[in-house]
There are 2 protein chains.
Amino acid sequence: VVTRVAAARPEEIRRHNLGLLLREIHQHGALTRADLTAALGLNRSTIGALVSDLVQLGLVEEYIPPGRDRAGRPSHVVAPRADGPYVLAVEVGVERLITAAIGLGGTVYARQEHPIEGHARRPDAIVAQIVAEGAAIAAQLPPGARAVAIGVSVPGTVRQRDGFVEHAPNLDWRAIPFAAMLQAKFADPVDVLVGNDADLGAVAEHQRGAAIGYDHMIYLNGSVGVGAGIIAEGRQLHGVGGYAGEIGHMTINPDGPPCHCGSTGCVETYIGEHALLRAAGITDQHGAEAIAALFRAAEAGEPNASAAVHTVAVWLGRTLANIVNLFNPQAVVVGGSLAEVVRLERLTVESELDRRAMAASRSGVKVLLPGLKQDSALIGAAELAFQTLLEAPDVPLPAVAN
Amino acid sequence: VVTRVAAARPEEIRRHNLGLLLREIHQHGALTRADLTAALGLNRSTIGALVSDLVQLGLVEEYIPPGRDRAGRPSHVVAPRADGPYVLAVEVGVERLITAAIGLGGTVYARQEHPIEGHARRPDAIVAQIVAEGAAIAAQLPPGARAVAIGVSVPGTVRQRDGFVEHAPNLDWRAIPFAAMLQAKFADPVDVLVGNDADLGAVAEHQRGAAIGYDHMIYLNGSVGVGAGIIAEGRQLHGVGGYAGEIGHMTINPDGPPCHCGSTGCVETYIGEHALLRAAGITDQHGAEAIAALFRAAEAGEPNASAAVHTVAVWLGRTLANIVNLFNPQAVVVGGSLAEVVRLERLTVESELDRRAMAASRSGVKVLLPGLKQDSALIGAAELAFQTLLEAPDVPLPAVAN
């Protein structure tokens, strides 16, 4: 709001501009000063001063691009500093815990993946494991590298304000103050942010994945649970508490199967992984391996597996039609095991969409596969963790260390 | 964005602040200078200068509140000027055309309602009637009163950019450049804005109706057609083309009745007025009178009518549960004939919502009746029409006259 800015002090404007500049470099990687001048609409000397500040803060480095010795002054290149701060990104999945060190510009410096089951899924066990993984990752990185925040993706409803997990049904978590529990493990008040997996996947696909440039987009994440992250006019739609996008629990047939949520005929009961296995007549196996085997069988033409994928594709098309009618997006990115359904049965999905979506909205929407493969939520957790630094690059953050 | 503002010229900042000030007065009506100083965070002398500008422009008037003769200087009251500019607000309904002259502050100066049917529903006939009604209204108002824009509500999908009506099924309009057609009737380039009825209803209920203060809200409008207007973080969700919120065509049972849109089991086939009449066994009547008679019969306990309202209430609860799961709003305002369903069967609606909405989102949402009764879309059309003036109060607008 202009009235605020009219009254803003110069150091606030400088901080805001520092954040904008760092955000450009974070999003696009190495950029010339000329690129930055054009992107921010500030003059060259202001850009020069801001870049110097970011260099001083140890966040970026500046160099003359190599191999340029023709006449004229080449524009300096500004890039994230390779040994600059990183964030610890965590994806708590139903079957696996992924941790990664991710730097400015989205560079993944280290990544670890461990299966979790039974007791290892309990919140306190997950917290302990994140701390241990964080220390193991730090030991792999050059001395001086410094984690400045932790971002965690959780498959459940998360209160945006404080990272309190209301309900993560497939982890059997209910009312878990997860951000606070993780924070309590550190002596310094480390920045810990927790988000819903589909919300974070949407942010990552919008920033760095298949939906770059689409400011109206949905990321539909389907594995055991089904959820959506929504970007409208370039901003995430959270709802008042942070619970928006629970598309897995949209009723799509009130007479349908019972859902663990207490309702019946939820989308999840038709396109979640349990539904897919059930449709193929598989009742004695579950988990990622069973799903992968089912997709291999469908691709090889095994009739039960093919029919099951086809059935799920029809219901996925119906779900997407509802999304298109409600949000009028430019793109829907379909991730998780549903990405494989789109890959194998795209025509089925698209024709159901043709049939059920309003023409005006249908004609402008693309169904896309994730650009970040299986890592949309993990990369999104890193984006979440970087927020504080990007808002105020000149405010020192305590390092994650215990 | 601060970078833009840092470079903004003083007259741009002044114009922006004039707009903010006029918006405050438009939204809240008469306010003291002290109120305005607090609301805008500007100092008293700046507020004084801005108010003087608005007085000069003929938009507001200033007076010392009467009956205040105790010690101390009373704060001047700033109010919309009664003979200031007004907008022509139009609601094109399926059975009636409503036109009104609405001033700053939302004051309705004149309002006319005419039935439309058959040929009178054709776009060119509606355009001609709007022009005639506008002239008739102008003749009723004091000389000097001046319409500065026209805002039109249409029950269909409207391209936001240019007021092109893609499809208004219940008017049998398809691909109608409605804003351009109406504009062409005037010699001067009059400001004409066209919006979807549910979108405009949402704006009006949020600004002046039942959902004031709820920045996450949905207005569900149900009569012959069913649509939703969505407000998230205080901003309207339009989607990329302006078609978002087509909740009437959300599939809620793929095996359900055929819908005129080409799909099956759309929400509209369960809670639209045709479905309500059909559920009561009424096949030979339709329109507002038949619906009113049905509600009277249900209230009097007539079994068929009561059962029909009950059935629609169940499906309305299911629809609301989907809305709550997707948007996590603070309030859903239910308008049109569905408002009467809520009034008669609130417990049914709320218990279906309890059963099907996720607890975290369910616990924070209220189901409300419209604060503006049947006029939500009409008032919303006025809000749309006032946008240009509120953005730049010092730029003269051509008067609507032909």
# chains A, B, ... in the order shown; residues from 1 in each chain; ligands from 1
call {"tool": "residues_around", "arguments": {"residues": "B:Gly156", "least_positions_apart": "4", "cutoff": "6 Å", "atoms": "only C-alpha atoms", "output": "PyMOL selection string"}}
result
chain B and resi 167-168+196
call {"tool": "interface_residues", "arguments": {"of": "chain A", "to": "chain B", "cutoff": "8 Å", "atoms": "only C-alpha atoms", "output": "PyMOL selection string"}}
result
chain A and resi 2-5+13+16-17+40-42+157+166+216+232-233+237-247+249-254+261-264+318+321-322+324-330+355-358+360-361
call {"tool": "residues_around", "arguments": {"residues": "stretch 52-68 of chain A", "least_positions_apart": "2", "cutoff": "12 Å", "atoms": "only C-alpha atoms", "output": "JSON, numbers by chain"}}
result
{"A": [14, 15, 17, 18, 19, 20, 21, 22, 23, 24, 25, 26, 29, 30, 31, 32, 33, 45, 46, 47, 48, 49, 50, 70, 71, 72, 73, 74, 75, 76, 77, 78, 79, 80, 81, 82, 83, 84, 85, 86, 103, 104, 105, 144, 145, 146, 148, 389, 390, 392, 393, 394, 395, 396, 397]}
call {"tool": "residues_around", "arguments": {"residues": "A:Glu205", "least_positions_apart": "5", "cutoff": "7 Å", "atoms": "only C-alpha atoms", "output": "JSON, numbers by chain"}}
result
{"A": [210, 211, 212, 370, 371, 372, 376]}
call {"tool": "write_last_selection", "arguments": {"atoms": "all heavy atoms", "output": "short mmCIF file (atom, residue, chain, number, x, y, z; two decimals), in the first residue's frame"}}
result
data_model
loop_
_atom_site.label_atom_id
_atom_site.label_comp_id
_atom_site.auth_asym_id
_atom_site.auth_seq_id
_atom_site.Cartn_x
_atom_site.Cartn_y
_atom_site.Cartn_z
N ALA A 210 6.98 -27.49 -13.78
CA ALA A 210 6.28 -27.53 -15.07
C ALA A 210 5.39 -26.31 -15.28
O ALA A 210 4.96 -26.06 -16.41
CB ALA A 210 5.44 -28.80 -15.13
N ALA A 211 5.09 -25.56 -14.22
CA ALA A 211 4.09 -24.49 -14.34
C ALA A 211 4.69 -23.10 -14.19
O ALA A 211 4.01 -22.16 -13.79
CB ALA A 211 2.99 -24.71 -13.31
N ILE A 212 5.97 -22.97 -14.54
CA ILE A 212 6.60 -21.64 -14.51
C ILE A 212 5.84 -20.72 -15.47
O ILE A 212 5.55 -21.10 -16.60
CB ILE A 212 8.08 -21.73 -14.94
CG1 ILE A 212 8.89 -22.48 -13.88
CG2 ILE A 212 8.67 -20.32 -15.16
CD1 ILE A 212 10.32 -22.79 -14.30
N PRO A 370 4.66 -33.34 -13.42
CA PRO A 370 5.54 -32.48 -12.62
C PRO A 370 6.90 -32.31 -13.28
O PRO A 370 7.48 -33.27 -13.79
CB PRO A 370 5.69 -33.26 -11.30
CG PRO A 370 4.56 -34.22 -11.27
CD PRO A 370 4.25 -34.55 -12.70
N GLY A 371 7.40 -31.10 -13.27
CA GLY A 371 8.74 -30.83 -13.77
C GLY A 371 9.81 -31.29 -12.79
O GLY A 371 10.95 -31.50 -13.18
N LEU A 372 9.43 -31.44 -11.52
CA LEU A 372 10.40 -31.80 -10.49
C LEU A 372 10.28 -33.26 -10.10
O LEU A 372 10.72 -33.67 -9.03
CB LEU A 372 10.22 -30.88 -9.27
CG LEU A 372 10.35 -29.39 -9.60
CD1 LEU A 372 9.81 -28.52 -8.47
CD2 LEU A 372 11.82 -29.04 -9.88
N SER A 376 8.63 -32.49 -5.92
CA SER A 376 7.91 -31.22 -5.85
C SER A 376 7.75 -30.74 -4.40
O SER A 376 8.05 -29.59 -4.08
CB SER A 376 6.53 -31.33 -6.51
OG SER A 376 6.60 -31.97 -7.75
#
call {"tool": "atom_distance", "arguments": {"atom1": "atom CA of A:Val92", "atom2": "atom CA of A:Val154"}}
result
5.3 Å
call {"tool": "atom_distance", "arguments": {"atom1": "atom CA of B:Ala305", "atom2": "atom CA of B:Glu345"}}
result
12.3 Å
call {"tool": "select_by_dssp", "arguments": {"residues": "stretch 113-339 of chain B", "states": "alpha helix (DSSP H)", "output": "PyMOL selection string"}}
result
chain B and resi 123-140+178-183+197-208+268-271+273-279+288-299+303-327+337-339
call {"tool": "atom_distance", "arguments": {"atom1": "atom CA of B:Val332", "atom2": "atom CA of B:Tyr219"}}
result
5.8 Å
call {"tool": "residues_around", "arguments": {"residues": "B:Val203", "least_positions_apart": "4", "cutoff": "7 Å", "atoms": "only C-alpha atoms", "output": "VMD selection string"}}
result
chain B and resid 199 207 380
